[in-house]
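What follows is a single structure, written as structure tokens, with notes after it.
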Amino acid sequence: MFSLEDALALVATRGRLMQQIPSGAMLSVALSEEAIQSYLHENLSLAAVNAPSSCVVSGLEPAIDQLQEKLESARVSCRRLHTSHAFHSQMIEPVIETFTQSLGKVKLNPPQIPFLSNVTGTWITAAQATDSNYWASHLRQPVCFNQGVIELLKQPEQILLEVGPGRTLSSLVKQQPTKEVLALTSIRHPQEQQSDVAFLLNTLGKLWLVGVQIDWTSFYINEQRHRLPLPTYPFERQRYWIDASPESAFTESQQTLHKNPNIADWFYVPRWKESTPIELFQKEKLTEQKSCWLVFIDTYGIGAEIAERLTQQNQDVILVKIADKFAKLNDRTYGINPQQRDDYDLLIQKLQEQNWIPQRIAHFWSVTPNDILSSQKIDEQTQHQFFEDCQYLGFWSLLFLAQALGQQDISDSLKLTVVTSNLYDIAGKEKLCPHKATVLGPCKVIPKEYPNINCCTIDIVIPSSKTPSIQNILDCLITEFTAKQTNNIVAYRGFHRWIQTFEAVHLEQSGCDNIKLQTKGVYLIAGGLGGIGLALAEYLAKTVQAKLVLVGRKSIPEKDNWQEWLETHDKKDKISCIIRKLQVLEALGAEVFVVSTDVTNYKQVKTVIDISIEKFGQINGVIHAAGIASGGVIQLKTEDMANNVLAPKVRGTIVIKESLKNINLDFFVLCSSQSSILGEFGQVDYCAANAFLDAYAHLNTYKLNQFTVSINWDAWQEVGMAVETTVPDELKQSREESLKKGIIPQEGADSFHRILSSGLPQVVVSTRDFPSIWKQNLFFKSSEEELAFLEERLASTRISKPTHPRPNLKSNYVPARNEIEQIIVQIWQELLGIEKVGIHDNFFDLGGNSLISIQLVSQLQKKLNIQIPVVSLYKRPTVSSLAEILSSSEDEKNIGEASNSRGEKRREKKKQRQRIVNK
């Protein structure tokens, strides 16, 4: 239609004209074309309809700002686009005539290839293609991409290829409510870490697989090729997925704990018990064994003095300081930015380049003297910055460090000691700092996911930054560092060593005279539309005919539309279930006010509270039950993934408390989980978030004199995270068996009633003997035992012999070349149920998943007598690559050699070089 020269000239003209109009803004909105119409006016135009529920609005910046605020308050997802002007809006109209004149100067030709018009949403006509006014309207009219895709998909078996960087258009196409569409991309997304050429070739291969004719002559035009005769092969596309065996059933161990029938015996509280000084029963001189120490030193001198003492005792010490960017300050000191994940990778890489692998890590970045803590409460901005600093110096620092160790395949045995301050209320005089409590997530979960890392936490108190070097604290810390074995959580107060235990408390219902509920009282429940929130709401409705403010993420139809919704939706529809539950609450005598709000948004929460007080006159109590289920191992955890889990519980609690600072509540209930204590595999962020709730309850009750209780709930049978979280088929039956020991809603309400009258700041609710569960959990801290336990639990789903022939794979079959590869292949074939696994086959392409990987790692550890991080399989998903890290480079056939860690060999070589130099 255009010559290249004319097209370039028009593009330049259009760009010049765009710069002549005032600046504007554009906003992507997750609404349909019909739904967005009510938001448009003279200053806002519909710029594009990209998908059934995705539009772009364009206009003046103030108007876009107002629209964004309005949409966010209505819980409608929206995002500002990175543009300088309001394209496809009324602001473009002044330049249309000039652009039309420029179009009149070029020759327009009928199209040679049919294409879909973004103006009409259907196929272009020759008349439109040669009309200057049509091309001018392109500047002003909305982009009808969605309608164009609908028109395109009317033709069956379409193969769509996005030409350009990323996958934006492909993602929009996949939002169409049709059967699956094959949409491929030609250039990788900027965040995808792979070769551009490899990505392009992979797409080309996929096009060929689905029948697209490739011009291979042109593809190989500059290469010399030799024809190889190969046998024909039918691409049968047969399914080889492993289905869960319906006959399989998990057998319970004889030691399995059973559900206690007496609810009064379900309750436990954390207690601190003074411990025998560790030096009396564990004596070891550091000078007897030289170790490599990596010490993350604080800015107050504690870590630096410990490092100095270690150096004096002939230990090999390298320091890590807080800095703006990564830097090697000297041969023994590095600086890293705690917020930069890459800095941790660089640190471990640089150490490896020096053949220096840490055997012990001491982390002091969560230490703060009392006077510094007091200075952080001056104003809201200072408090917020201190909170963010605590997260990056604690939770994120340990998460990034573990990822860096895993990324660099550090599998040597390693002891990680995290020194904190002011986490626990033991002596009753501490300046508690719950902001730091999220550090407990990595401390408890890292040993579960990295079998070579043993982790413990030591909590201390530093009275003043002016005199931080308290001799007895330094002595105690050195003793803990020296000990071969220590408790997972230790606290020092003065000269006394304390360890945490859990003690049963008997809460009879008949003794609940001190119940903190008022008839017709007003109670706000964050997460009030979730399972546990609604169960507690029903308890309040039955007990005191409460006025309930239910805050949730979900948007519920107006009450006048409830019946219509129920009549037009399935009974199992989630919104329908919520509506029926709300109707039950009202039938029980409750007044219900439902509002959709983001609990992490102070402005939204404050508005809800103001409206509630205006409506009901007061707020008597708050239950914070909002939360998002976690999932995913540390090695693959991104900041967005973790923040999504942390935000509702951590930020949500702070926002709710700040919004209610002038209101005297009868109670503030925080719904925590046993995860904060047990630290479960794949739950680092969920553990951290709930640990914050536990610490916050102690601060609020004892220091701020407002009754707050954190309830560490056991799993509920019918509602809650344990029920709502999707699990693979392999664990469904196991979960069902576990949930039989869980809490039913009536029992949960009864437990809540007893706890509310107890006055305790933290209560663990466990249907089974919790100290036994807790001790069992501690025994599995080595991760090797836990993998064996999980592998045993999953054993009934294992397929004992191959059930499928080798599937069609992109990798050729290459048999095992040595004994270690044969062992790996044999285990893979047994677990995956596939014959003839080759050394270049990808574990995940064969149907492997995280659960099968647990069994695989456990069996390899038994066979080879070595420790293997579970995350190794994600980085080395083929037999050959996995065998590389399990084999001895000197003698691959000697499996016994594999039990020697690679780090020990490097250090031995280093010692040999030193002996040669000394000679």
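Chain identifiers are assigned as A, B, and so on, following the order in which chains appear in the structure tokens; residues are numbered from 1 within each chain, and ligands are numbered from 1 in order of appearance.
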Quick one: residues within 12 Å of Thr168 (chain A), only C-alpha atoms, excluding same-chain residues fewer than 4 positions away - as a ChimeraX atom specification? /A:50-51,161-164,172-175,183-190
Write the selection just made, keeping C-alpha atoms, as a short mmCIF file (atom, residue, chain, number, x, y, z; two decimals), in the first residue's frame?
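Final output, out-v4.cif:
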data_model
loop_
_atom_site.label_atom_id
_atom_site.label_comp_id
_atom_site.auth_asym_id
_atom_site.auth_seq_id
_atom_site.Cartn_x
_atom_site.Cartn_y
_atom_site.Cartn_z
CA ASN A 50 -7.70 -5.20 23.50
CA ALA A 51 -9.60 -8.17 24.93
CA LEU A 161 2.65 -15.63 15.36
CA GLU A 162 3.49 -12.41 17.20
CA VAL A 163 6.20 -10.53 15.34
CA GLY A 164 7.99 -8.20 17.72
CA LEU A 172 -4.42 -10.71 24.72
CA VAL A 173 -5.40 -13.37 22.18
CA LYS A 174 -5.40 -16.05 24.88
CA GLN A 175 -8.01 -14.07 26.82
CA ALA A 183 -0.21 -18.21 19.65
CA LEU A 184 3.59 -18.15 19.37
CA THR A 185 6.10 -15.35 19.86
CA SER A 186 9.16 -14.58 17.77
CA ILE A 187 11.32 -12.59 20.20
CA ARG A 188 11.85 -13.42 23.88
CA HIS A 189 10.47 -11.29 26.70
CA PRO A 190 13.16 -9.00 28.23
#
Which residues are near region 425-434 of chain A? Cut-off 10 Å, only C-alpha atoms, ignore same chain within fewer than 5 positions. Put them as a VMD selection string. chain A and resid 271 to 273 368 to 371 373 to 374 387 390 460 to 463 491 to 494 498 500 650 691 to 700 702 to 703
Which residues, written as a PyMOL selection string, have at least one atom at most 8 Å from Leu856 (chain A), with only C-alpha atoms counted and residues fewer than 5 positions away on the same chain left out? chain A and resi 827-828+831
Resulting file, chosen residues, C-alpha atoms, as a PDB file, in the first residue's frame:
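Below you can see out-v1.pdb, which holds the result:
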ATOM      1  CA  ILE A 827      15.072 -44.168  39.616  1.00  0.00           C
ATOM      2  CA  TRP A 828      13.562 -41.880  36.976  1.00  0.00           C
ATOM      3  CA  LEU A 831       9.090 -42.883  39.479  1.00  0.00           C
TER       4      LEU A 831
END
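One distance worth recording is that between CA of Thr597 (chain A) and CA of Ile578 (chain A), which is 16.3 Å.
In this comparison, which uses only C-alpha atoms, the residue of A:Ala136, A:Arg806, A:Asn422, A:Ile820 approaching Ile372 (chain A) most closely is A:Asn422.
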For Glu274 (chain A), the closest of A:Thr100, A:Gln635, A:Thr501, A:Gln359 counting only C-alpha atoms is A:Thr501
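A straight line drawn from CA of Leu116 (chain A) to CA of Ser218 (chain A) is 28.2 Å long.
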Env of Val879 (chain A): 8 Å cut, atoms = only C-alpha atoms, seq-sep filter 5 positions within chain, self excluded. Answer as JSON, numbers by chain. {"A": [821, 824, 825, 838, 839, 840, 841, 842]}
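Distances here use only C-alpha atoms; by that measure, the residue among A:His804, A:Phe364, A:Ser137, A:Ile263 closest to Ala304 (chain A) is A:Phe364.
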Could you give me, as a PyMOL selection string, the residues within 10 Å of Gly301 (chain A), counting only C-alpha atoms and dropping anything in the same chain fewer than 4 positions from it? chain A and resi 297+305-307+364+367+465+467-469
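Residue nearest Ala647 (chain A) within the list A:Tyr523, A:Tyr686, A:Trp396, A:Tyr134: A:Tyr686 [criterion: smallest interatomic distance, only C-alpha atoms].
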For Glu658 (chain A), the closest of A:Arg768, A:Ile278, A:Lys603, A:His506 counting only C-alpha atoms is A:Lys603
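Counting from CA of Thr438 (chain A), the distance to CA of Leu646 (chain A) is 8.9 Å.
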Could you pull out the alpha helix (DSSP H) residues of region 107-326 of chain A from DSSP and send them as a PyMOL selection string? chain A and resi 126-129+132-140+145-152+168-173+196-209+216-219+302-312
Env of Gly521 (chain A): 8 Å cut, atoms = only C-alpha atoms, seq-sep filter 4 positions within chain, self excluded. Answer as an mmCIF file with N, CA and C atoms, in the first residue's frame.
data_model
loop_
_atom_site.group_PDB
_atom_site.id
_atom_site.type_symbol
_atom_site.label_atom_id
_atom_site.label_comp_id
_atom_site.auth_asym_id
_atom_site.auth_seq_id
_atom_site.Cartn_x
_atom_site.Cartn_y
_atom_site.Cartn_z
ATOM 1 N N LEU A 517 -17.290 -9.826 74.611
ATOM 2 C CA LEU A 517 -18.275 -9.537 73.568
ATOM 3 C C LEU A 517 -19.449 -8.757 74.135
ATOM 4 N N VAL A 544 -24.124 -12.925 69.942
ATOM 5 C CA VAL A 544 -24.509 -11.576 70.393
ATOM 6 C C VAL A 544 -25.286 -10.795 69.341
ATOM 7 N N GLN A 545 -25.773 -11.465 68.288
ATOM 8 C CA GLN A 545 -26.512 -10.790 67.214
ATOM 9 C C GLN A 545 -25.750 -9.531 66.778
ATOM 10 N N ALA A 546 -24.492 -9.745 66.415
ATOM 11 C CA ALA A 546 -23.568 -8.643 66.171
ATOM 12 C C ALA A 546 -23.894 -7.849 64.910
ATOM 13 N N LYS A 547 -23.369 -6.639 64.882
ATOM 14 C CA LYS A 547 -23.361 -5.827 63.670
ATOM 15 C C LYS A 547 -21.986 -6.060 63.033
ATOM 16 N N ILE A 619 -16.937 0.774 66.750
ATOM 17 C CA ILE A 619 -16.367 -0.539 66.439
ATOM 18 C C ILE A 619 -15.818 -1.090 67.744
ATOM 19 N N ASN A 620 -16.301 -2.264 68.150
ATOM 20 C CA ASN A 620 -15.912 -2.840 69.437
ATOM 21 C C ASN A 620 -14.744 -3.813 69.343
#
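The residue that comes closest to Gly211 (chain A), out of A:Gln158, A:Gln224, A:Thr125, A:Thr568 and on the basis of only C-alpha atoms, is A:Gln158.
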Quick one: residues within 9 Å of Leu60 (chain A), only C-alpha atoms, excluding same-chain residues fewer than 3 positions away - as a list in words? Pro22, Ser23, Gly24, Ala25, Met26, Asn43, Leu44, Ala63, Ile64, Asp65, His85, Ala86 and Met91 of chain A
Give me every strand (DSSP E or B) residue in region 202-418 of chain A, going by DSSP on the backbone, as a PyMOL selection string. chain A and resi 267-275+292-296+316-322+327-330+333-336+360-366+414-418
